[in-house]
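Just structure_15.txt here, compact mmCIF, C-alpha atoms and all ligand atoms:
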# COMPACT_ATOMS: atom_id res chain seq x y z
CA MET A 1 62.27 162.12 105.47
CA ASN A 2 65.95 161.37 104.81
CA LEU A 3 66.49 157.87 103.52
CA LYS A 4 70.01 156.46 103.44
CA ILE A 5 69.92 153.56 101.02
CA ALA A 6 72.72 151.06 100.49
CA VAL A 7 72.45 149.87 96.89
CA LEU A 8 73.89 146.41 96.17
CA PRO A 9 73.43 145.64 92.45
CA GLY A 10 75.41 142.36 92.54
CA ASP A 11 75.67 140.08 89.52
CA GLY A 12 74.01 139.16 86.23
CA ILE A 13 70.93 141.26 85.55
CA GLY A 14 71.34 142.82 89.02
CA PRO A 15 72.90 146.13 87.93
CA GLU A 16 70.24 146.68 85.25
CA ILE A 17 67.23 146.14 87.48
CA SER A 18 68.94 147.95 90.35
CA ALA A 19 69.23 151.09 88.22
CA GLN A 20 65.48 151.02 87.56
CA GLY A 21 64.70 150.50 91.23
CA VAL A 22 66.79 153.53 92.12
CA GLU A 23 65.13 155.67 89.42
CA VAL A 24 61.69 154.76 90.71
CA MET A 25 62.70 155.36 94.30
CA SER A 26 64.06 158.81 93.40
CA ALA A 27 60.91 159.74 91.48
CA VAL A 28 58.66 158.82 94.42
CA CYS A 29 60.93 160.61 96.90
CA GLU A 30 60.85 163.74 94.78
CA LYS A 31 57.08 163.65 94.63
CA PHE A 32 56.66 163.26 98.39
CA GLY A 33 59.52 165.51 99.50
CA HIS A 34 61.86 162.81 100.80
CA THR A 35 65.61 162.96 100.38
CA PRO A 36 67.23 159.70 99.37
CA GLU A 37 70.96 159.28 99.67
CA TYR A 38 72.47 156.29 97.87
CA ALA A 39 75.65 154.47 98.82
CA TYR A 40 76.72 151.77 96.37
CA ALA A 41 78.55 148.64 97.47
CA VAL A 42 79.74 145.41 95.87
CA CYS A 43 78.57 141.88 96.67
CA GLY A 44 78.45 138.39 95.16
CA ALA A 45 80.66 137.31 92.26
CA ASP A 46 81.37 140.95 91.46
CA ALA A 47 82.81 141.39 94.96
CA ILE A 48 84.80 138.14 94.73
CA ASP A 49 86.40 139.40 91.51
CA LYS A 50 87.19 142.78 93.05
CA THR A 51 88.07 141.87 96.64
CA GLY A 52 88.11 138.07 97.02
CA ASP A 53 85.16 138.23 99.44
CA PRO A 54 81.46 137.97 98.39
CA PHE A 55 80.41 140.29 101.25
CA PRO A 56 83.41 142.47 102.08
CA GLU A 57 83.72 144.40 105.33
CA GLU A 58 83.27 147.69 103.50
CA THR A 59 79.94 146.51 102.10
CA PHE A 60 78.86 145.42 105.57
CA GLN A 61 79.69 148.88 106.95
CA THR A 62 77.77 150.58 104.12
CA CYS A 63 74.73 148.39 104.90
CA LYS A 64 75.07 148.90 108.64
CA ASN A 65 75.11 152.67 108.27
CA ALA A 66 72.07 152.77 105.97
CA ASP A 67 68.35 152.88 106.76
CA ALA A 68 67.65 150.17 104.20
CA VAL A 69 69.42 148.02 101.63
CA LEU A 70 68.17 147.77 98.06
CA PHE A 71 69.59 144.46 96.93
CA SER A 72 69.35 142.93 93.46
CA ALA A 73 70.85 139.49 92.86
CA VAL A 74 74.00 137.43 93.21
CA GLY A 75 75.28 134.35 91.39
CA ASP A 76 77.48 133.50 88.45
CA PRO A 77 77.74 130.26 86.43
CA LYS A 78 81.50 130.24 86.67
CA PHE A 79 81.04 129.27 90.34
CA ASP A 80 78.10 126.89 89.79
CA ASN A 81 80.23 124.75 87.51
CA ASP A 82 82.95 124.47 90.10
CA PRO A 83 81.65 122.63 93.16
CA THR A 84 85.12 122.79 94.72
CA ALA A 85 85.22 126.60 94.69
CA LYS A 86 85.99 127.70 98.25
CA VAL A 87 84.37 131.10 97.90
CA ARG A 88 80.96 131.35 96.28
CA PRO A 89 78.69 134.33 95.58
CA GLU A 90 75.82 132.81 97.62
CA GLN A 91 78.01 132.93 100.73
CA GLY A 92 77.80 136.70 100.42
CA LEU A 93 74.03 136.53 100.73
CA LEU A 94 74.22 134.28 103.78
CA ALA A 95 76.87 136.51 105.36
CA MET A 96 74.71 139.57 104.79
CA ARG A 97 71.69 137.92 106.42
CA LYS A 98 73.71 136.71 109.39
CA ARG A 99 75.74 139.85 109.99
CA LEU A 100 72.74 142.15 109.73
CA GLY A 101 70.68 139.82 111.93
CA LEU A 102 67.96 139.49 109.28
CA PHE A 103 66.06 136.62 110.83
CA ALA A 104 62.70 137.23 109.13
CA ASN A 105 62.31 136.81 105.40
CA ILE A 106 58.95 138.00 104.15
CA ARG A 107 57.92 136.68 100.76
CA PRO A 108 54.47 137.61 99.53
CA VAL A 109 52.86 135.32 96.98
CA GLN A 110 50.48 137.39 94.97
CA THR A 111 48.87 136.93 91.61
CA PHE A 112 48.47 139.52 88.89
CA LYS A 113 45.28 139.14 86.92
CA CYS A 114 46.90 139.62 83.54
CA LEU A 115 49.53 136.96 84.27
CA ILE A 116 47.34 134.22 85.72
CA HIS A 117 47.57 132.30 82.44
CA LYS A 118 51.34 131.99 83.06
CA SER A 119 50.73 129.91 86.16
CA PRO A 120 51.34 126.18 85.82
CA LEU A 121 48.09 125.79 87.80
CA ARG A 122 44.60 126.17 86.36
CA ALA A 123 43.44 129.76 86.62
CA GLU A 124 40.47 128.95 88.87
CA LEU A 125 42.82 127.39 91.44
CA VAL A 126 45.26 130.24 91.66
CA GLU A 127 42.98 133.25 91.15
CA HIS A 128 42.78 135.31 94.35
CA ALA A 129 45.71 133.46 95.93
CA ASP A 130 47.32 136.01 98.19
CA PHE A 131 49.53 134.87 101.02
CA VAL A 132 52.79 135.65 102.72
CA CYS A 133 55.49 133.20 103.68
CA ILE A 134 57.52 134.23 106.69
CA ARG A 135 60.74 132.27 106.51
CA GLU A 136 63.25 132.10 109.37
CA LEU A 137 66.50 133.23 107.78
CA THR A 138 69.48 133.03 110.13
CA GLY A 139 69.15 129.65 111.81
CA GLY A 140 68.54 125.97 111.19
CA MET A 141 70.52 123.79 108.83
CA TYR A 142 71.93 126.71 106.90
CA PHE A 143 73.99 127.82 109.86
CA GLY A 144 74.21 124.79 112.19
CA THR A 145 77.36 122.74 112.61
CA LYS A 146 78.36 120.99 109.39
CA TYR A 147 80.65 118.08 108.78
CA GLN A 148 81.76 116.26 105.67
CA ASP A 149 84.31 113.59 104.93
CA ASN A 150 84.33 110.92 102.26
CA GLU A 151 82.12 108.54 104.21
CA LYS A 152 79.72 110.70 106.13
CA ALA A 153 78.30 114.20 106.26
CA TYR A 154 75.77 116.10 108.33
CA ASP A 155 74.15 119.49 108.83
CA THR A 156 72.66 120.36 112.18
CA ASN A 157 69.16 121.79 112.31
CA LEU A 158 69.60 123.73 115.53
CA TYR A 159 66.98 126.18 116.78
CA THR A 160 66.83 127.86 120.18
CA ARG A 161 63.69 129.10 121.95
CA PRO A 162 64.47 132.82 121.44
CA GLU A 163 65.05 132.25 117.73
CA ILE A 164 61.74 130.43 117.41
CA GLU A 165 59.80 132.91 119.54
CA ARG A 166 60.92 135.97 117.62
CA ILE A 167 60.06 134.56 114.19
CA LEU A 168 56.69 133.22 115.37
CA LYS A 169 55.96 136.68 116.77
CA VAL A 170 56.57 138.15 113.31
CA GLY A 171 54.15 135.53 111.93
CA PHE A 172 51.39 136.26 114.45
CA GLU A 173 51.77 140.02 113.98
CA TYR A 174 51.64 139.72 110.21
CA ALA A 175 48.49 137.62 110.53
CA MET A 176 46.93 140.34 112.71
CA LYS A 177 47.55 142.87 109.93
CA ARG A 178 46.06 140.58 107.29
CA ARG A 179 43.23 138.04 107.32
CA ARG A 180 44.19 136.69 110.75
CA HIS A 181 44.99 133.18 109.67
CA LEU A 182 48.39 131.76 110.55
CA THR A 183 49.68 128.39 109.39
CA VAL A 184 52.72 127.10 111.25
CA VAL A 185 54.57 124.75 108.91
CA ASP A 186 56.83 122.09 110.43
CA LYS A 187 57.71 118.41 110.42
CA ALA A 188 56.81 117.73 114.03
CA ASN A 189 55.97 114.09 113.28
CA VAL A 190 59.67 113.44 112.68
CA LEU A 191 61.97 116.28 113.76
CA ALA A 192 62.78 117.33 117.33
CA SER A 193 63.46 120.89 116.18
CA SER A 194 59.95 120.99 114.70
CA ARG A 195 58.44 119.67 117.91
CA LEU A 196 59.96 122.58 119.80
CA TRP A 197 58.61 125.00 117.16
CA ARG A 198 55.14 123.56 117.55
CA LYS A 199 55.29 123.58 121.35
CA ILE A 200 56.33 127.24 121.42
CA ALA A 201 53.71 128.19 118.82
CA GLN A 202 51.03 126.47 120.91
CA GLU A 203 52.19 128.43 123.96
CA MET A 204 51.86 131.68 121.99
CA VAL A 205 48.39 130.98 120.55
CA PRO A 206 46.51 132.39 123.60
CA ASP A 207 48.36 135.72 123.18
CA TYR A 208 46.73 136.15 119.77
CA PRO A 209 43.09 135.15 120.32
CA GLU A 210 41.98 136.86 117.10
CA VAL A 211 44.30 134.77 114.97
CA LYS A 212 43.10 131.42 113.71
CA THR A 213 46.24 129.31 113.98
CA ASP A 214 46.69 125.95 112.37
CA PHE A 215 49.60 123.54 112.09
CA MET A 216 50.64 121.73 108.96
CA PHE A 217 53.41 119.31 108.12
CA VAL A 218 55.69 120.67 105.43
CA ASP A 219 55.01 117.87 102.94
CA ASN A 220 51.31 118.50 103.30
CA ALA A 221 51.83 122.26 102.98
CA ALA A 222 53.75 121.76 99.71
CA MET A 223 50.77 119.79 98.41
CA ARG A 224 48.13 122.18 99.72
CA MET A 225 49.89 125.11 98.05
CA ILE A 226 49.19 123.66 94.64
CA GLN A 227 45.82 122.13 95.50
CA GLU A 228 44.32 125.14 97.21
CA PRO A 229 46.68 128.13 97.39
CA THR A 230 43.83 130.40 98.50
CA PHE A 231 43.76 128.47 101.79
CA PHE A 232 46.79 130.38 103.06
CA ASP A 233 47.04 133.86 104.53
CA VAL A 234 50.31 133.87 106.49
CA MET A 235 52.57 130.87 106.83
CA VAL A 236 55.60 130.78 109.08
CA THR A 237 58.35 128.20 108.89
CA GLU A 238 62.02 127.41 109.42
CA ASN A 239 64.84 128.35 107.05
CA THR A 240 65.11 125.22 104.89
CA PHE A 241 61.37 124.57 104.54
CA GLY A 242 60.89 128.26 103.74
CA ASP A 243 63.54 128.14 101.03
CA ILE A 244 61.72 125.31 99.29
CA LEU A 245 58.16 126.52 99.78
CA THR A 246 58.90 130.06 98.60
CA ASP A 247 60.26 128.80 95.28
CA GLU A 248 57.04 126.83 94.89
CA GLY A 249 55.05 129.91 95.87
CA SER A 250 56.79 132.17 93.40
CA VAL A 251 56.10 129.90 90.45
CA ILE A 252 52.44 129.09 91.15
CA SER A 253 51.56 132.78 90.93
CA GLY A 254 52.77 132.80 87.34
CA SER A 255 54.60 136.02 88.07
CA MET A 256 57.98 135.10 89.51
CA GLY A 257 59.58 138.09 87.81
CA LEU A 258 57.23 140.34 89.76
CA LEU A 259 57.71 139.12 93.31
CA PRO A 260 59.63 141.23 95.81
CA SER A 261 60.75 140.24 99.30
CA ALA A 262 61.96 141.81 102.50
CA SER A 263 64.41 140.52 105.07
CA THR A 264 64.11 142.17 108.44
CA GLY A 265 65.30 141.65 111.97
CA GLU A 266 67.89 143.35 114.14
CA GLY A 267 69.93 145.35 111.60
CA THR A 268 69.25 147.27 108.42
CA PRO A 269 66.38 145.68 106.48
CA VAL A 270 67.05 144.37 102.96
CA PHE A 271 64.60 144.56 100.04
CA GLU A 272 65.17 142.39 97.01
CA PRO A 273 63.48 140.51 94.17
CA VAL A 274 62.71 136.82 94.75
CA HIS A 275 64.20 135.88 91.38
CA GLY A 276 67.93 135.40 90.88
CA SER A 277 70.72 136.88 88.77
CA TRP A 278 69.79 135.31 85.39
CA PRO A 279 73.37 135.57 84.05
CA GLN A 280 72.36 134.55 80.51
CA ALA A 281 70.41 137.79 80.12
CA LYS A 282 73.09 140.05 81.52
CA GLY A 283 73.56 143.32 79.67
CA GLN A 284 70.76 142.62 77.18
CA ASN A 285 68.17 145.03 78.55
CA ILE A 286 65.54 142.26 78.62
CA ALA A 287 65.23 141.54 82.37
CA ASN A 288 61.97 142.41 84.05
CA PRO A 289 62.59 145.22 86.57
CA LEU A 290 59.18 144.89 88.27
CA ALA A 291 60.21 142.66 91.20
CA GLN A 292 62.98 145.13 92.00
CA ILE A 293 60.59 148.05 91.65
CA LEU A 294 58.05 146.33 93.90
CA SER A 295 60.89 145.83 96.41
CA VAL A 296 61.01 149.61 96.54
CA ALA A 297 57.27 149.59 97.39
CA MET A 298 57.99 147.18 100.25
CA LEU A 299 60.81 149.45 101.40
CA PHE A 300 58.49 152.45 101.62
CA GLU A 301 55.84 150.39 103.39
CA TYR A 302 58.40 149.21 105.94
CA PHE A 303 58.90 152.86 106.94
CA ASP A 304 55.13 153.28 107.08
CA LEU A 305 55.20 155.44 103.94
CA LYS A 306 51.96 153.88 102.69
CA ALA A 307 51.03 156.40 100.02
CA GLU A 308 54.51 156.14 98.54
CA GLY A 309 54.32 152.33 98.42
CA LEU A 310 50.86 152.46 96.95
CA LEU A 311 51.94 154.81 94.17
CA VAL A 312 54.69 152.37 93.15
CA ARG A 313 52.17 149.51 93.09
CA LYS A 314 49.71 151.59 91.07
CA ALA A 315 52.41 152.50 88.56
CA VAL A 316 53.38 148.83 88.16
CA ASP A 317 49.75 147.79 87.64
CA ALA A 318 49.31 150.59 85.10
CA SER A 319 52.38 149.48 83.15
CA LEU A 320 51.03 145.93 82.99
CA ASP A 321 47.61 147.18 81.86
CA ALA A 322 49.24 149.38 79.22
CA ARG A 323 51.16 146.31 78.04
CA VAL A 324 54.46 148.00 78.68
CA ARG A 325 56.11 144.68 79.41
CA THR A 326 59.36 142.80 79.06
CA PRO A 327 59.39 139.83 76.64
CA GLU A 328 58.64 137.00 79.10
CA ILE A 329 55.29 138.47 80.14
CA GLN A 330 54.27 140.27 76.96
CA VAL A 331 51.07 139.36 75.16
CA GLU A 332 51.74 137.52 71.91
CA GLY A 333 52.01 139.76 68.90
CA VAL A 334 52.57 142.92 70.98
CA ALA A 335 55.93 144.69 70.83
CA THR A 336 58.10 144.12 73.88
CA TYR A 337 59.82 146.71 76.05
CA GLY A 338 63.32 146.66 77.52
CA THR A 339 64.32 146.87 81.18
CA LYS A 340 65.10 150.57 80.86
CA GLU A 341 61.96 151.37 78.90
CA VAL A 342 59.68 149.71 81.46
CA GLY A 343 61.49 151.61 84.24
CA ALA A 344 61.25 154.90 82.36
CA TRP A 345 57.51 154.40 81.72
CA ILE A 346 56.91 153.82 85.42
CA VAL A 347 58.98 156.84 86.43
CA ASP A 348 57.00 158.95 83.98
CA TYR A 349 53.70 157.64 85.40
CA ILE A 350 54.84 158.51 88.93
CA ARG A 351 55.88 162.02 87.93
CA LYS A 352 52.51 162.65 86.28
CA ALA A 353 50.40 161.05 89.02
C1 LIG B 1 67.02 132.13 98.46
C2 LIG B 1 68.17 131.43 97.77
C3 LIG B 1 69.32 131.32 98.74
C4 LIG B 1 68.87 130.47 99.91
C5 LIG B 1 70.61 130.76 98.12
C6 LIG B 1 71.04 131.56 96.91
C7 LIG B 1 71.73 130.68 99.13
O1 LIG B 1 67.77 130.20 97.29
O2 LIG B 1 67.18 133.30 98.87
O3 LIG B 1 65.97 131.52 98.60
O4 LIG B 1 68.94 129.24 99.85
O5 LIG B 1 68.45 131.05 100.91
MG MG B 2 65.71 129.78 97.58
Would you encode the structure as structure tokens?
Ligand code: IPM
Ligand code: MG
Amino acid sequence: MNLKIAVLPGDGIGPEISAQGVEVMSAVCEKFGHTPEYAYAVCGADAIDKTGDPFPEETFQTCKNADAVLFSAVGDPKFDNDPTAKVRPEQGLLAMRKRLGLFANIRPVQTFKCLIHKSPLRAELVEHADFVCIRELTGGMYFGTKYQDNEKAYDTNLYTRPEIERILKVGFEYAMKRRRHLTVVDKANVLASSRLWRKIAQEMVPDYPEVKTDFMFVDNAAMRMIQEPTFFDVMVTENTFGDILTDEGSVISGSMGLLPSASTGEGTPVFEPVHGSWPQAKGQNIANPLAQILSVAMLFEYFDLKAEGLLVRKAVDASLDARVRTPEIQVEGVATYGTKEVGAWIVDYIRKA
């Protein structure tokens, strides 16, 4: 299979982890007889510096013409400290989502046995937690009409029926592929937009008789996630709630540096780590490349290349077992490995497998 991949390294540790993702992708492709073709493009603060635009037209075209995007991270403190900055790296991310029509953000929350002790939750609570949050990504408050003057400000949480139906469909279908339990997360006791979500979800329930569907208010869901994370299988929710809950999800697993995500919809799908650009670590060869590498597994799986995805996951597990780990997850007293060294170990494992 030919795979045209747009590679968007972005900012901070992005370029370093991106390089490892590409190496791993190439090694797997070589093994299975696929031909990857990489097209690099700029985004985020890097793109602002070079072109003035965090998601320039040329980058959009590169993404549009690819089969998939391997994205790393955007963000730079020089913009965070300037709330008046008109152009910000994060706008590039939002523009990419909107222009590629990536309405479904899929964020798995999965634990790794050897990292359970890193969870802020007691091990017995979080062990075996394995769920997926499906977050709507191109609607709601992020994109609704905004207004701000000195005395008042608002953001509009607008959702239309087609937008709600298509994301709920992704949720139901994901549940069918997993343990057939879908939790629709909303705030239907207060918000009109949530009431429409719930109404539409209830209309769709009979189409998926094998799925056990339940409804949960977002405040309750935030609580349940730390009280009993194993309760969840697939949760589906709107953009803003999903933003908040997926940060919570990534940290309870104790393995934030290991979590990949996929954004899919109408245009080219994007695969990226859940973590951000960690600018303080830039260029130091200390960033954990595993979330990026696992994004490559998700990329293969998206194209139904299951054996390829599985090999990446096996290689990652093996590296953890062999204690080939970056500093933040290394066992005390054991020598740590750099970004490149972890990547190289995994590539070597894949070649020998
Ligand atoms: C995320 C991030 C983004 C979001 C920011 C960087 C705009 O927090 O992908 O979750 O809010 O969607
Ligand atoms: Mg977020």
May I ask which of the residues A:His275, A:Arg161, A:Arg195, A:Lys187 is the closest one to ligand MG 2 (chain B), counting all atoms listed in the file?
-> A:His275
Neighbour list for Ser263 in chain A as a ChimeraX atom specification, cut-off 12 Å, all atoms listed in the file, skip fewer than 5 positions in-chain | /A:68-71,93-94,96-98,100-108,133-138,167,170,268-274,295,298-299,302
Near Ala201 in chain A, counting only C-alpha atoms, which residues have an atom at most 8 Å away, once you skip same-chain residues fewer than 5 positions from it, shown as number ranges by chain?
-> A: 165, 168, 184
Spatial neighbours of Lys118 in chain A, max dist 12 Å, only C-alpha atoms, sep filter under 3 positions, as a list in words =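 Once the nearby chain positions are removed, what remains is Thr111, Phe112, Lys113, Cys114, Leu115, Leu121, Arg122, Ala123, Val126, Glu127, Ser250, Val251, Ile252, Ser253, Gly254, Ser255, Met256, Gly257, Glu328, Ile329, Gln330 and Val331 of chain A.
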Could I get the residues of chain A with an atom no further than 9 Å from an atom of ligand LIG 1 (chain B), each paired with its nearest atom pair and that distance in Å to one decimal, using all atoms listed in the file, sorted by chain and residue number, as CSV?
residue,atom,partner,partner_atom,distance
A:Ala73,CA,B:LIG1,C6,8.9
A:Val74,CA,B:LIG1,C6,7.5
A:Gly75,CA,B:LIG1,C6,7.5
A:Pro89,CA,B:LIG1,C6,8.2
A:Glu90,CA,B:LIG1,C7,4.9
A:Gln91,CA,B:LIG1,C7,6.9
A:Gly92,CA,B:LIG1,C7,8.6
A:Leu93,CA,B:LIG1,C7,6.5
A:Leu94,CA,B:LIG1,C7,6.4
A:Asn105,CA,B:LIG1,O2,8.9
A:Leu137,CA,B:LIG1,O5,7.5
A:Tyr142,CA,B:LIG1,O4,8.1
A:Asn239,CA,B:LIG1,O5,7.6
A:Thr240,CA,B:LIG1,O4,7.5
A:Gly242,CA,B:LIG1,O3,7.9
A:Asp243,CA,B:LIG1,O3,4.8
A:Ile244,CA,B:LIG1,O3,7.6
A:Thr246,CA,B:LIG1,O3,7.2
A:Asp247,CA,B:LIG1,O3,7.1
A:Val274,CA,B:LIG1,O2,7.0
A:His275,CA,B:LIG1,O2,8.5
A:Gly276,CA,B:LIG1,C6,7.8
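Separating CA of Ile286 in chain A from CA of Thr339 in chain A is a distance of 5.4 Å.
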Gap from CA of Glu23 in chain A to CA of Ala344 in chain A - Å, one decimal =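 Separating CA of Glu23 in chain A from CA of Ala344 in chain A is a distance of 8.1 Å.
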Quote the spacing between CA of Asn81 in chain A and CA of Pro9 in chain A in Å to one decimal place.
->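 These two atoms are separated by 22.5 Å.
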Near Phe231 in chain A, counting all atoms listed in the file, which residues have an atom at most 9 Å away, once you skip same-chain residues fewer than 5 positions from it, shown as a ChimeraX atom specification?
-> /A:129,131,224-225
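Ranking A:Val234, A:Val342, A:Ala175, A:Leu196 by their shortest atom-to-atom distance to Val211 in chain A, with only C-alpha atoms included, puts A:Ala175 first.
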Among A:Leu245, A:Val185, A:Ile350, A:Ile226, ligand MG 2 (chain B) is approached most closely, using all atoms listed in the file, by A:Leu245
Of A:Gln148, A:Thr35, A:Ser261, A:Thr156, the one nearest to ligand MG 2 (chain B) when counting only C-alpha atoms and all ligand atoms is A:Ser261
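Comparing the minimum interatomic distances between Thr62 in chain A and each of A:Ala41, A:Val218, A:Ala27, A:Val109, counting only C-alpha atoms, we find that A:Ala41 sits nearest.
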Determine the nearest neighbour of ligand MG 2 (chain B) from the options A:Ala297, A:Gly249, A:Ala6, A:Ala353, counting all atoms listed in the file.
->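 Of all the options, A:Gly249 lies closest to ligand MG 2 (chain B).
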Long-range neighbours of Ile164 in chain A as a PyMOL selection string, 8 Å cut-off, only C-alpha atoms, 5 positions minimum in chain | chain A and resi 159+197+200
Go ahead and find all residues with at least one atom no further than 9 Å from (78.7, 132.3, 88.4) in the file's coordinates, using only C-alpha atoms; report them as a PyMOL selection string.
-> chain A and resi 11-12+45+74-81+88-89+279
Got a sec to check which residues sit within 8 Å of (46.6, 138.9, 106.0), counting all atoms listed in the file, and write them as a PyMOL selection string?
-> chain A and resi 131-132+174-181+233-234
